[in-house]
$ cat run_32.cif   # mmCIF, C-alpha atoms and all ligand atoms
data_my_file
#
loop_
_atom_site.label_atom_id
_atom_site.label_comp_id
_atom_site.auth_asym_id
_atom_site.auth_seq_id
_atom_site.Cartn_x
_atom_site.Cartn_y
_atom_site.Cartn_z
CA MET A 1307 44.68 -8.20 -51.57
CA ASN A 1308 43.70 -11.85 -51.90
CA SER A 1309 42.12 -13.07 -55.11
CA ALA A 1310 38.78 -14.02 -53.66
CA PRO A 1311 35.52 -14.76 -55.41
CA ASN A 1312 33.50 -11.55 -55.67
CA ALA A 1313 30.81 -10.93 -53.09
CA PRO A 1314 27.50 -9.43 -54.19
CA SER A 1315 27.86 -5.64 -54.31
CA SER A 1316 24.31 -4.57 -55.10
CA PRO A 1317 22.48 -2.76 -52.27
CA LYS A 1318 19.79 -4.67 -50.44
CA THR A 1319 16.75 -2.73 -49.23
CA ALA A 1320 16.00 -3.42 -45.57
CA PRO A 1321 12.45 -4.68 -45.02
CA PRO A 1322 10.25 -2.85 -42.49
CA SER A 1323 11.42 -3.82 -39.05
CA VAL A 1324 10.59 -3.62 -35.36
CA ILE A 1325 12.52 -1.24 -33.18
CA PRO A 1326 14.33 -2.78 -30.19
CA VAL A 1327 13.62 -1.48 -26.69
CA MET A 1328 15.37 1.79 -25.76
CA LEU A 1329 17.47 1.40 -22.60
CA PRO A 1330 17.73 4.59 -20.49
CA ASP A 1331 20.80 5.59 -18.41
CA VAL A 1332 23.07 2.67 -19.24
CA SER A 1333 26.41 2.48 -17.41
CA LEU A 1334 29.24 1.85 -19.87
CA ARG A 1335 31.90 1.40 -17.23
CA ALA A 1336 32.31 -2.24 -18.20
CA ARG A 1337 32.08 -1.40 -21.90
CA ASN A 1338 35.04 0.99 -22.20
CA SER A 1339 38.49 -0.46 -21.68
CA PHE A 1340 39.72 2.66 -19.83
CA GLY A 1341 37.12 1.75 -17.18
CA PHE A 1342 35.90 5.37 -17.01
CA ASP A 1343 32.55 6.06 -15.35
CA VAL A 1344 30.33 6.73 -18.35
CA LEU A 1345 26.56 6.95 -18.58
CA ALA A 1346 24.78 6.59 -21.94
CA GLU A 1347 21.58 8.64 -21.84
CA GLN A 1348 19.84 6.25 -24.23
CA ALA A 1349 21.08 2.96 -25.68
CA TYR A 1350 19.84 0.26 -28.03
CA SER A 1351 21.32 -3.22 -28.15
CA ILE A 1352 21.54 -3.99 -31.88
CA THR A 1353 21.25 -7.75 -32.36
CA ASP A 1354 19.86 -7.74 -35.90
CA ALA A 1355 20.91 -5.62 -38.88
CA GLU A 1356 17.26 -5.37 -39.95
CA HIS A 1357 16.47 -3.32 -36.81
CA ILE A 1358 18.85 -0.49 -37.64
CA GLY A 1359 16.58 1.30 -40.12
CA ALA A 1360 13.80 1.78 -37.56
CA VAL A 1361 16.24 2.89 -34.84
CA MET A 1362 17.83 5.44 -37.16
CA GLU A 1363 14.39 6.79 -38.13
CA ALA A 1364 13.58 7.28 -34.43
CA ILE A 1365 16.93 9.03 -33.84
CA LYS A 1366 16.35 11.30 -36.81
CA ALA A 1367 12.79 12.12 -35.75
CA ALA A 1368 14.04 13.13 -32.28
CA ASN A 1369 17.06 14.98 -33.79
CA LEU A 1370 19.50 13.32 -31.38
CA PRO A 1371 23.27 12.82 -31.67
CA TRP A 1372 24.30 9.16 -31.92
CA ARG A 1373 27.27 6.82 -32.22
CA VAL A 1374 28.03 3.10 -32.38
CA LEU A 1375 29.91 1.31 -29.62
CA GLY A 1376 31.54 -2.09 -30.03
CA GLY A 1377 33.70 -3.28 -27.13
CA GLY A 1378 34.81 0.26 -26.21
CA SER A 1379 38.53 -0.59 -26.47
CA ASN A 1380 39.45 2.25 -28.83
CA VAL A 1381 37.47 5.17 -27.47
CA VAL A 1382 37.81 7.95 -24.91
CA LEU A 1383 34.32 8.52 -23.53
CA PRO A 1384 33.08 11.53 -21.52
CA PRO A 1385 31.13 11.04 -18.24
CA THR A 1386 27.79 11.45 -20.09
CA LEU A 1387 27.15 10.26 -23.63
CA SER A 1388 24.23 12.39 -24.76
CA GLY A 1389 21.70 11.19 -27.32
CA VAL A 1390 21.74 7.58 -28.47
CA THR A 1391 24.44 4.91 -28.24
CA LEU A 1392 24.01 1.85 -30.47
CA LEU A 1393 25.56 -1.15 -28.73
CA MET A 1394 26.71 -3.47 -31.50
CA ASP A 1395 25.68 -6.98 -30.40
CA ILE A 1396 25.10 -8.86 -33.70
CA ALA A 1397 26.30 -12.43 -33.09
CA GLY A 1398 27.15 -15.44 -35.22
CA GLN A 1399 29.85 -16.74 -37.52
CA ALA A 1400 29.79 -19.31 -40.32
CA ILE A 1401 31.84 -20.60 -43.24
CA THR A 1402 29.73 -19.55 -46.22
CA GLN A 1403 31.95 -20.78 -49.09
CA GLN A 1404 34.94 -23.10 -49.20
CA ASP A 1405 36.99 -24.76 -51.92
CA GLU A 1406 40.61 -25.85 -52.39
CA ARG A 1407 41.69 -22.20 -52.75
CA GLY A 1408 40.24 -20.87 -49.53
CA ALA A 1409 37.20 -20.08 -47.42
CA VAL A 1410 34.80 -17.18 -46.96
CA VAL A 1411 33.72 -16.68 -43.35
CA SER A 1412 30.85 -14.34 -42.44
CA VAL A 1413 30.86 -12.89 -38.95
CA GLY A 1414 28.43 -10.72 -36.99
CA ALA A 1415 29.78 -7.29 -36.04
CA GLY A 1416 29.23 -7.90 -32.32
CA VAL A 1417 31.39 -11.04 -32.13
CA ASN A 1418 34.47 -10.71 -29.91
CA TRP A 1419 37.55 -10.38 -32.14
CA HIS A 1420 39.88 -12.71 -30.23
CA ASP A 1421 37.17 -15.38 -29.87
CA PHE A 1422 36.74 -15.21 -33.64
CA VAL A 1423 40.50 -15.64 -34.26
CA ILE A 1424 40.47 -18.75 -32.04
CA TRP A 1425 37.36 -20.03 -33.89
CA THR A 1426 39.15 -19.73 -37.26
CA LEU A 1427 42.10 -21.74 -35.95
CA ASP A 1428 39.74 -24.36 -34.47
CA HIS A 1429 38.28 -24.67 -37.98
CA SER A 1430 41.74 -25.03 -39.59
CA LEU A 1431 41.51 -21.57 -41.20
CA PRO A 1432 44.85 -19.85 -40.54
CA GLY A 1433 45.67 -16.25 -41.45
CA LEU A 1434 44.50 -14.08 -38.55
CA GLU A 1435 46.81 -15.52 -35.86
CA ASN A 1436 49.12 -12.44 -35.75
CA LEU A 1437 46.06 -10.40 -34.74
CA ALA A 1438 45.21 -12.58 -31.72
CA LEU A 1439 44.31 -10.93 -28.42
CA ILE A 1440 43.41 -7.53 -29.90
CA PRO A 1441 40.42 -6.46 -27.78
CA GLY A 1442 37.08 -5.40 -29.25
CA THR A 1443 34.55 -6.60 -31.78
CA VAL A 1444 34.74 -7.91 -35.34
CA GLY A 1445 32.63 -4.97 -36.57
CA ALA A 1446 35.15 -2.43 -35.26
CA ALA A 1447 38.19 -4.23 -36.71
CA PRO A 1448 37.84 -2.62 -40.18
CA ILE A 1449 37.31 0.89 -38.76
CA GLN A 1450 41.00 1.51 -38.07
CA ASN A 1451 42.14 -1.53 -40.08
CA ILE A 1452 43.52 -3.19 -36.95
CA GLY A 1453 47.07 -4.39 -37.26
CA ALA A 1454 49.77 -6.13 -35.28
CA TYR A 1455 53.02 -8.00 -35.93
CA GLY A 1456 53.15 -7.13 -39.64
CA VAL A 1457 49.54 -8.03 -40.51
CA GLU A 1458 46.52 -5.79 -41.11
CA VAL A 1459 42.96 -7.08 -41.04
CA GLY A 1460 42.10 -5.41 -44.38
CA GLU A 1461 44.31 -7.98 -46.14
CA TYR A 1462 41.85 -10.72 -45.16
CA ILE A 1463 38.54 -8.88 -45.66
CA GLN A 1464 36.55 -9.76 -48.75
CA SER A 1465 33.60 -7.43 -48.18
CA ILE A 1466 31.65 -5.64 -45.48
CA GLU A 1467 27.92 -5.47 -44.91
CA ALA A 1468 26.86 -2.15 -43.44
CA TYR A 1469 23.82 0.04 -42.95
CA ASP A 1470 24.44 3.10 -45.12
CA CYS A 1471 22.97 6.15 -43.37
CA HIS A 1472 22.86 8.04 -46.69
CA SER A 1473 20.89 5.50 -48.76
CA LYS A 1474 19.16 4.05 -45.65
CA THR A 1475 19.80 0.53 -46.91
CA LEU A 1476 22.07 -2.38 -46.10
CA VAL A 1477 24.96 -2.32 -48.58
CA ASN A 1478 27.85 -4.65 -49.28
CA LEU A 1479 31.22 -2.91 -49.78
CA LEU A 1480 34.10 -4.81 -51.38
CA ALA A 1481 37.44 -4.49 -49.59
CA SER A 1482 38.72 -2.46 -52.55
CA GLU A 1483 36.03 0.14 -51.76
CA CYS A 1484 37.03 0.44 -48.08
CA ALA A 1485 40.31 2.40 -48.59
CA PHE A 1486 42.27 0.41 -46.02
CA THR A 1487 45.58 2.02 -45.06
CA TYR A 1488 47.63 2.19 -41.84
CA ARG A 1489 45.05 2.56 -39.02
CA ASN A 1490 42.55 4.02 -41.44
CA SER A 1491 39.63 3.19 -43.70
CA ILE A 1492 36.63 4.78 -45.39
CA PHE A 1493 34.71 4.10 -42.17
CA LYS A 1494 37.10 6.14 -40.05
CA ALA A 1495 37.32 8.88 -42.67
CA HIS A 1496 33.50 9.17 -42.84
CA PRO A 1497 32.27 8.58 -39.30
CA ASN A 1498 28.51 8.02 -38.89
CA ARG A 1499 27.96 7.10 -42.52
CA TYR A 1500 28.21 3.31 -42.20
CA ILE A 1501 27.14 1.02 -39.37
CA ILE A 1502 29.01 -2.24 -39.92
CA THR A 1503 26.75 -5.23 -39.35
CA ARG A 1504 28.74 -8.18 -40.74
CA VAL A 1505 32.27 -8.77 -42.05
CA HIS A 1506 33.06 -11.34 -44.75
CA PHE A 1507 36.64 -12.62 -44.54
CA TYR A 1508 38.54 -14.52 -47.22
CA LEU A 1509 41.14 -16.89 -45.77
CA PRO A 1510 43.29 -18.50 -48.50
CA ALA A 1511 44.15 -22.18 -48.03
CA ALA A 1512 47.82 -21.51 -48.94
CA TRP A 1513 49.44 -20.36 -45.71
CA SER A 1514 52.88 -19.68 -44.30
CA PRO A 1515 53.75 -17.97 -41.01
CA ARG A 1516 54.33 -14.22 -41.13
CA LEU A 1517 57.27 -13.58 -38.83
CA ARG A 1518 58.62 -10.28 -40.16
CA TYR A 1519 58.48 -8.63 -36.74
CA ALA A 1520 61.65 -9.27 -34.76
CA ASP A 1521 59.86 -10.12 -31.48
CA LEU A 1522 57.81 -12.78 -33.17
CA ALA A 1523 60.66 -14.18 -35.27
CA ALA A 1524 62.74 -14.45 -32.07
CA ALA A 1525 60.17 -16.85 -30.62
CA PHE A 1526 61.00 -19.37 -33.35
CA VAL A 1527 64.75 -19.10 -33.99
CA ASN A 1528 66.41 -22.46 -34.55
CA ARG A 1529 63.04 -24.21 -34.57
CA HIS A 1530 60.75 -25.90 -37.07
CA VAL A 1531 58.34 -23.79 -39.13
CA PRO A 1532 55.60 -22.98 -36.60
CA THR A 1533 51.94 -23.79 -37.04
CA ALA A 1534 49.33 -21.02 -36.99
CA GLU A 1535 48.36 -22.10 -33.45
CA GLU A 1536 51.99 -21.79 -32.33
CA VAL A 1537 52.19 -18.30 -33.85
CA MET A 1538 48.95 -17.36 -32.05
CA VAL A 1539 50.32 -18.59 -28.71
CA ALA A 1540 53.59 -16.67 -29.27
CA VAL A 1541 51.67 -13.49 -30.16
CA CYS A 1542 49.55 -13.82 -26.99
CA LYS A 1543 52.68 -14.32 -24.86
CA ILE A 1544 54.40 -11.24 -26.31
CA ARG A 1545 51.26 -9.12 -25.92
CA ASN A 1546 50.70 -10.25 -22.33
CA ARG A 1547 54.30 -9.29 -21.55
CA LYS A 1548 54.12 -5.85 -23.17
CA LEU A 1549 50.57 -4.60 -22.84
CA PRO A 1550 48.45 -4.06 -19.74
CA ASP A 1551 45.30 -6.19 -19.45
CA PRO A 1552 42.34 -3.73 -19.47
CA LYS A 1553 40.61 -5.95 -16.89
CA LEU A 1554 43.44 -5.14 -14.47
CA ILE A 1555 44.43 -1.62 -15.53
CA GLY A 1556 42.30 0.60 -17.77
CA ASN A 1557 43.79 1.49 -21.16
CA ALA A 1558 42.98 1.69 -24.87
CA GLY A 1559 46.14 0.05 -26.22
CA SER A 1560 48.39 2.40 -28.21
CA PHE A 1561 47.23 5.92 -27.44
CA PHE A 1562 49.22 7.45 -30.33
CA GLN A 1563 49.80 6.34 -33.90
CA ASN A 1564 53.35 5.77 -35.07
CA PRO A 1565 54.05 8.86 -37.22
CA ILE A 1566 55.12 8.31 -40.83
CA VAL A 1567 57.75 10.77 -42.11
CA GLU A 1568 59.54 11.49 -45.38
CA LYS A 1569 63.04 10.07 -45.93
CA ALA A 1570 64.78 13.48 -45.56
CA GLN A 1571 63.16 14.14 -42.17
CA TYR A 1572 63.98 10.61 -41.03
CA LEU A 1573 67.67 10.97 -41.98
CA ALA A 1574 67.91 14.35 -40.22
CA LEU A 1575 66.36 12.87 -37.07
CA LEU A 1576 68.65 9.87 -37.22
CA LYS A 1577 71.68 12.17 -37.22
CA GLN A 1578 70.41 13.87 -34.07
CA PHE A 1579 69.06 10.69 -32.41
CA PRO A 1580 71.14 7.71 -33.64
CA GLU A 1581 69.10 5.30 -31.48
CA LEU A 1582 65.76 6.36 -32.96
CA VAL A 1583 63.63 3.25 -33.57
CA SER A 1584 61.78 3.11 -36.90
CA TYR A 1585 60.42 0.72 -39.53
CA PRO A 1586 60.30 0.88 -43.33
CA GLU A 1587 56.92 2.12 -44.59
CA GLY A 1588 55.38 1.53 -48.01
CA ASN A 1589 57.61 0.88 -51.02
CA GLU A 1590 61.37 1.09 -50.61
CA GLN A 1591 61.96 3.70 -53.35
CA GLU A 1592 59.91 6.30 -51.49
CA GLY A 1593 61.99 5.62 -48.37
CA LYS A 1594 59.25 6.71 -45.94
CA ARG A 1595 59.74 5.61 -42.31
CA LYS A 1596 57.29 4.81 -39.56
CA LEU A 1597 58.79 6.15 -36.35
CA ALA A 1598 58.25 4.29 -33.06
CA ALA A 1599 56.14 6.79 -31.10
CA GLY A 1600 56.73 4.72 -27.93
CA TRP A 1601 60.49 5.21 -28.25
CA MET A 1602 60.10 8.97 -28.69
CA ILE A 1603 57.77 9.27 -25.66
CA ASP A 1604 60.18 7.16 -23.61
CA HIS A 1605 63.10 9.34 -24.76
CA CYS A 1606 61.21 12.39 -23.46
CA GLY A 1607 61.12 10.75 -20.03
CA PHE A 1608 57.40 9.95 -19.77
CA LYS A 1609 57.53 6.16 -19.35
CA GLY A 1610 55.95 5.21 -16.00
CA LEU A 1611 54.98 8.84 -15.25
CA ARG A 1612 51.87 9.27 -13.15
CA ALA A 1613 49.60 12.32 -13.42
CA GLY A 1614 46.96 11.87 -10.72
CA ALA A 1615 44.65 9.00 -11.62
CA VAL A 1616 46.16 8.49 -15.07
CA GLY A 1617 49.65 7.82 -16.35
CA VAL A 1618 52.00 6.32 -18.92
CA TYR A 1619 52.34 2.53 -18.69
CA GLN A 1620 55.63 1.57 -17.09
CA HIS A 1621 56.49 -1.14 -19.66
CA GLN A 1622 55.27 0.61 -22.85
CA ALA A 1623 55.28 4.37 -23.22
CA LEU A 1624 52.75 4.27 -26.08
CA VAL A 1625 50.00 3.18 -23.68
CA LEU A 1626 48.22 5.62 -21.36
CA VAL A 1627 46.52 4.04 -18.36
CA ASN A 1628 43.78 4.75 -15.85
CA HIS A 1629 45.00 3.78 -12.38
CA GLY A 1630 41.42 4.24 -11.11
CA GLY A 1631 39.17 7.30 -10.97
CA GLY A 1632 40.53 8.82 -14.19
CA SER A 1633 38.42 10.51 -16.86
CA ALA A 1634 38.50 11.59 -20.48
CA ASP A 1635 39.66 15.05 -19.41
CA SER A 1636 42.58 13.78 -17.34
CA VAL A 1637 43.86 11.35 -19.97
CA LEU A 1638 43.54 13.94 -22.76
CA ALA A 1639 45.41 16.53 -20.67
CA LEU A 1640 48.26 14.06 -20.21
CA ALA A 1641 48.19 13.25 -23.93
CA LYS A 1642 48.51 16.97 -24.76
CA THR A 1643 51.57 17.32 -22.50
CA ILE A 1644 53.19 14.36 -24.28
CA GLN A 1645 52.30 15.64 -27.76
CA ASP A 1646 53.78 19.08 -26.99
CA LYS A 1647 57.05 17.65 -25.65
CA VAL A 1648 57.48 15.25 -28.60
CA GLN A 1649 56.76 18.10 -31.02
CA ASP A 1650 59.38 20.31 -29.32
CA THR A 1651 61.98 17.55 -29.18
CA PHE A 1652 61.57 15.84 -32.57
CA GLY A 1653 59.46 18.27 -34.61
CA VAL A 1654 56.98 15.42 -35.12
CA THR A 1655 53.23 15.55 -34.43
CA LEU A 1656 51.75 12.58 -32.60
CA ALA A 1657 48.16 11.77 -33.61
CA ILE A 1658 45.83 10.28 -31.02
CA GLU A 1659 44.58 6.83 -32.03
CA PRO A 1660 41.37 6.25 -30.00
CA ILE A 1661 38.18 8.02 -31.09
CA ARG A 1662 37.18 10.86 -28.75
CA TYR A 1663 33.55 11.72 -28.03
C1 LIG A 1701 45.14 -3.60 -24.59
C2 LIG A 1701 44.79 -3.13 -25.99
C3 LIG A 1701 45.56 -3.53 -27.06
C4 LIG A 1701 45.24 -3.12 -28.36
N1 LIG A 1701 46.02 -3.54 -29.39
C5 LIG A 1701 45.74 -3.16 -30.66
C6 LIG A 1701 46.55 -3.60 -31.75
O1 LIG A 1701 47.50 -4.34 -31.58
N2 LIG A 1701 46.24 -3.15 -32.98
C7 LIG A 1701 45.16 -2.35 -33.23
O2 LIG A 1701 44.93 -2.00 -34.39
N3 LIG A 1701 44.37 -1.93 -32.22
C8 LIG A 1701 44.62 -2.31 -30.94
N4 LIG A 1701 43.84 -1.88 -29.90
C9 LIG A 1701 42.69 -0.99 -30.19
C10 LIG A 1701 41.32 -1.72 -30.29
O3 LIG A 1701 41.37 -2.98 -29.69
C11 LIG A 1701 40.85 -1.90 -31.73
O4 LIG A 1701 40.79 -0.64 -32.38
C12 LIG A 1701 39.49 -2.56 -31.83
O5 LIG A 1701 39.17 -2.87 -33.17
C13 LIG A 1701 38.36 -1.71 -31.23
O6 LIG A 1701 37.20 -2.52 -31.17
P1 LIG A 1701 35.98 -2.12 -30.28
O7 LIG A 1701 34.86 -3.06 -30.60
O8 LIG A 1701 36.37 -2.06 -28.85
O9 LIG A 1701 35.63 -0.68 -30.85
P2 LIG A 1701 35.07 0.60 -30.05
O10 LIG A 1701 36.15 1.11 -29.15
O11 LIG A 1701 33.77 0.29 -29.43
O12 LIG A 1701 34.86 1.60 -31.23
C14 LIG A 1701 35.94 2.17 -31.92
C15 LIG A 1701 35.37 3.03 -33.06
O13 LIG A 1701 34.74 2.20 -34.01
C16 LIG A 1701 33.36 2.57 -34.18
N5 LIG A 1701 32.61 1.33 -34.33
C17 LIG A 1701 32.65 0.25 -33.52
N6 LIG A 1701 31.88 -0.72 -34.01
C18 LIG A 1701 31.32 -0.24 -35.15
C19 LIG A 1701 30.41 -0.76 -36.11
N7 LIG A 1701 29.93 -2.00 -36.01
N8 LIG A 1701 30.05 0.03 -37.16
C20 LIG A 1701 30.53 1.29 -37.28
N9 LIG A 1701 31.39 1.85 -36.40
C21 LIG A 1701 31.78 1.08 -35.35
C22 LIG A 1701 32.99 3.32 -32.92
O14 LIG A 1701 31.92 4.22 -33.17
C23 LIG A 1701 34.29 4.01 -32.59
O15 LIG A 1701 34.40 5.18 -33.37
C24 LIG A 1701 44.12 -2.28 -28.58
C25 LIG A 1701 43.33 -1.88 -27.49
C26 LIG A 1701 43.65 -2.31 -26.21
C27 LIG A 1701 42.79 -1.89 -25.05
#

$ encode --input "run_32.cif" --output "structure tokens"
Amino acid sequence: MNSAPNAPSSPKTAPPSVIPVMLPDVSLRARNSFGFDVLAEQAYSITDAEHIGAVMEAIKAANLPWRVLGGGSNVVLPPTLSGVTLLMDIAGQAITQQDERGAVVSVGAGVNWHDFVIWTLDHSLPGLENLALIPGTVGAAPIQNIGAYGVEVGEYIQSIEAYDCHSKTLVNLLASECAFTYRNSIFKAHPNRYIITRVHFYLPAAWSPRLRYADLAAAFVNRHVPTAEEVMVAVCKIRNRKLPDPKLIGNAGSFFQNPIVEKAQYLALLKQFPELVSYPEGNEQEGKRKLAAGWMIDHCGFKGLRAGAVGVYQHQALVLVNHGGGSADSVLALAKTIQDKVQDTFGVTLAIEPIRY
């Protein structure tokens, strides 16, 4: 965690507010990266945190189910989303504090994540470059503590402004209160308690490139120390090579989390599968390992497999794709087949990463 100046932590009561217009029967085909045909029965575009209280009162009065949707790049949505879908569209980003030690940047939850990363670099604020090109919104980034190439977003979050559905107020949670761990946070553990409206990042002025991941380090062997922009460009190149572009082929990135196992289980697996790919996890004494789920799925022969309209991406077995005309049911059926085979082969349970509705 970075030593950042403390953000205010006292709850702020939302003033009475106007309710935005309810939008009936909204197609979310362009707002879910699988490109499934999805219809939201009722939707509200949330452009102002102060509107959330009134919307939530209306939802409660009508006793309807509800959920928040950012960019839809980490969800598996059914053909009809009943009740209310809150489309997170809060815009805007600004440097709110800056001194020789670093800068605090406050960003609306609806801002596109990659656009924000580029904006930080344009403002000479390095730190987030390893997380370039991750699809979705800034408000969703803390939910599963997005991570890539050895960096997790939680490391750079100072605090989070959210509507707390219990206290019915806007609250400010310090990063230390968000329980960030691998692909997890308090927000994921308690769905529908907090609606994230704004994220406050702390980007320290002291910076050096983080090249722990072999792919990224390989881009700079025998070269000068790269700038943050050069790291960002290298990350984008690697991602474009390995991951399918959702605009061209529907997907939600990694469909399974990399399982973390105890040292004894790892050593037993290594004996049986000497080529098993894995990474150290947590502190070295514990000896836990994060196993490469993609390698295990590939080993089971699924890479490139097609099951009707859906399949396993031919260049990365961790990614399930929609070739066109797929649905939540078809992709989840394929996921179950993969989970069962991996369980039988390795004795390891693969957890699904995207949120299912
Ligand atoms: C090609 C591809 C590559 C990817 N690569 C990575 C990667 O490298 N690392 C990684 O970690 N992830 C990766 N992902 C997953 C995804 O991009 C991230 O999880 C991203 O943060 C999701 O953002 P979103 O706005 O699309 O969220 P959505 O899919 O809209 O929502 C995801 C969840 O967050 C909740 N949510 C969204 N916004 C809010 C809010 N404001 N308040 C409360 N809850 C909210 C939703 O209710 C839902 O449960 C990838 C996805 C794709 C398609």

$ residues_around --input "run_32.cif" --residues "Arg1518 (chain A)" --least-positions-apart "4" --cutoff "8 Å" --atoms "only C-alpha atoms" --output "ChimeraX atom specification"
/A:1455-1456,1522-1523

$ atom_distance --input "run_32.cif" --atom1 "atom O14 of ligand LIG 1701 (chain A)" --atom2 "CA of Phe1486 (chain A)"
16.9 Å

$ residues_near_point --input "run_32.cif" --point "(23.7, 5.8, -19.4)" --cutoff "8 Å" --atoms "all atoms listed in the file" --output "ChimeraX atom specification"
/A:1330-1334,1344-1349,1386-1387

$ residues_around --input "run_32.cif" --residues "Tyr1469 (chain A)" --least-positions-apart "4" --cutoff "7 Å" --atoms "all atoms listed in the file" --output "NGL selection string"
:A and (1474-1477 or 1500-1502)

$ write_last_selection --input "run_32.cif" --atoms "C-alpha atoms" --output "CSV table (one decimal), keeping the file's coordinate frame"
chain,number,residue,atom,x,y,z
A,1474,LYS,CA,19.2,4.0,-45.6
A,1475,THR,CA,19.8,0.5,-46.9
A,1476,LEU,CA,22.1,-2.4,-46.1
A,1477,VAL,CA,25.0,-2.3,-48.6
A,1500,TYR,CA,28.2,3.3,-42.2
A,1501,ILE,CA,27.1,1.0,-39.4
A,1502,ILE,CA,29.0,-2.2,-39.9

$ residues_around --input "run_32.cif" --residues "Leu1375 (chain A)" --least-positions-apart "6" --cutoff "8 Å" --atoms "all atoms listed in the file" --output "ChimeraX atom specification"
/A:1391-1394

$ write_last_selection --input "run_32.cif" --atoms "C-alpha atoms" --output "short mmCIF file (atom, residue, chain, number, x, y, z; two decimals), keeping the file's coordinate frame"
data_model
loop_
_atom_site.label_atom_id
_atom_site.label_comp_id
_atom_site.auth_asym_id
_atom_site.auth_seq_id
_atom_site.Cartn_x
_atom_site.Cartn_y
_atom_site.Cartn_z
CA THR A 1391 24.44 4.91 -28.24
CA LEU A 1392 24.01 1.85 -30.47
CA LEU A 1393 25.56 -1.15 -28.73
CA MET A 1394 26.71 -3.47 -31.50
#

$ residues_around --input "run_32.cif" --residues "Ile1661 (chain A)" --least-positions-apart "6" --cutoff "7 Å" --atoms "only C-alpha atoms" --output "list in words"
Asn1380, Val1381 and Val1382 of chain A

$ residues_near_ligand --input "run_32.cif" --ligand "ligand LIG 1701 (chain A)" --cutoff "8 Å" --atoms "all atoms listed in the file" --output "short mmCIF file (atom, residue, chain, number, x, y, z; two decimals) with C-alpha atoms, in the frame of the given file"
data_model
loop_
_atom_site.label_atom_id
_atom_site.label_comp_id
_atom_site.auth_asym_id
_atom_site.auth_seq_id
_atom_site.Cartn_x
_atom_site.Cartn_y
_atom_site.Cartn_z
CA ARG A 1337 32.08 -1.40 -21.90
CA ASN A 1338 35.04 0.99 -22.20
CA SER A 1339 38.49 -0.46 -21.68
CA PHE A 1340 39.72 2.66 -19.83
CA ARG A 1373 27.27 6.82 -32.22
CA VAL A 1374 28.03 3.10 -32.38
CA LEU A 1375 29.91 1.31 -29.62
CA GLY A 1376 31.54 -2.09 -30.03
CA GLY A 1377 33.70 -3.28 -27.13
CA GLY A 1378 34.81 0.26 -26.21
CA SER A 1379 38.53 -0.59 -26.47
CA ASN A 1380 39.45 2.25 -28.83
CA VAL A 1381 37.47 5.17 -27.47
CA MET A 1394 26.71 -3.47 -31.50
CA ALA A 1415 29.78 -7.29 -36.04
CA GLY A 1416 29.23 -7.90 -32.32
CA ASN A 1418 34.47 -10.71 -29.91
CA TRP A 1419 37.55 -10.38 -32.14
CA LEU A 1437 46.06 -10.40 -34.74
CA LEU A 1439 44.31 -10.93 -28.42
CA ILE A 1440 43.41 -7.53 -29.90
CA PRO A 1441 40.42 -6.46 -27.78
CA GLY A 1442 37.08 -5.40 -29.25
CA THR A 1443 34.55 -6.60 -31.78
CA VAL A 1444 34.74 -7.91 -35.34
CA GLY A 1445 32.63 -4.97 -36.57
CA ALA A 1446 35.15 -2.43 -35.26
CA ALA A 1447 38.19 -4.23 -36.71
CA PRO A 1448 37.84 -2.62 -40.18
CA ILE A 1449 37.31 0.89 -38.76
CA GLN A 1450 41.00 1.51 -38.07
CA ASN A 1451 42.14 -1.53 -40.08
CA ILE A 1452 43.52 -3.19 -36.95
CA GLY A 1453 47.07 -4.39 -37.26
CA ALA A 1454 49.77 -6.13 -35.28
CA TYR A 1455 53.02 -8.00 -35.93
CA GLU A 1458 46.52 -5.79 -41.11
CA ALA A 1468 26.86 -2.15 -43.44
CA ARG A 1489 45.05 2.56 -39.02
CA PHE A 1493 34.71 4.10 -42.17
CA LYS A 1494 37.10 6.14 -40.05
CA PRO A 1497 32.27 8.58 -39.30
CA ASN A 1498 28.51 8.02 -38.89
CA TYR A 1500 28.21 3.31 -42.20
CA ILE A 1501 27.14 1.02 -39.37
CA ILE A 1502 29.01 -2.24 -39.92
CA THR A 1503 26.75 -5.23 -39.35
CA ARG A 1504 28.74 -8.18 -40.74
CA LEU A 1549 50.57 -4.60 -22.84
CA PRO A 1550 48.45 -4.06 -19.74
CA ASP A 1551 45.30 -6.19 -19.45
CA PRO A 1552 42.34 -3.73 -19.47
CA GLY A 1556 42.30 0.60 -17.77
CA ASN A 1557 43.79 1.49 -21.16
CA ALA A 1558 42.98 1.69 -24.87
CA GLY A 1559 46.14 0.05 -26.22
CA SER A 1560 48.39 2.40 -28.21
CA PRO A 1660 41.37 6.25 -30.00
CA ILE A 1661 38.18 8.02 -31.09
CA ARG A 1662 37.18 10.86 -28.75
#

$ residues_around --input "run_32.cif" --residues "region 1606-1614 of chain A" --least-positions-apart "4" --cutoff "8 Å" --atoms "all atoms listed in the file" --output "number ranges by chain"
A: 1602, 1618-1623, 1632, 1640, 1644, 1647-1648, 1651

$ atom_distance --input "run_32.cif" --atom1 "CA of Tyr1519 (chain A)" --atom2 "CA of Cys1484 (chain A)"
25.9 Å

$ closest_residue --input "run_32.cif" --among "A:Pro1565, A:Pro1432, A:Pro1385, A:Gly1617" --to "Ile1658 (chain A)" --atoms "all atoms listed in the file"
A:Pro1565

$ atom_distance --input "run_32.cif" --atom1 "CA of Leu1479 (chain A)" --atom2 "CA of Ile1352 (chain A)"
20.4 Å

$ closest_residue --input "run_32.cif" --among "A:Gln1464, A:Val1616, A:Leu1582, A:Val1411" --to "Asp1604 (chain A)" --atoms "all atoms listed in the file"
A:Leu1582
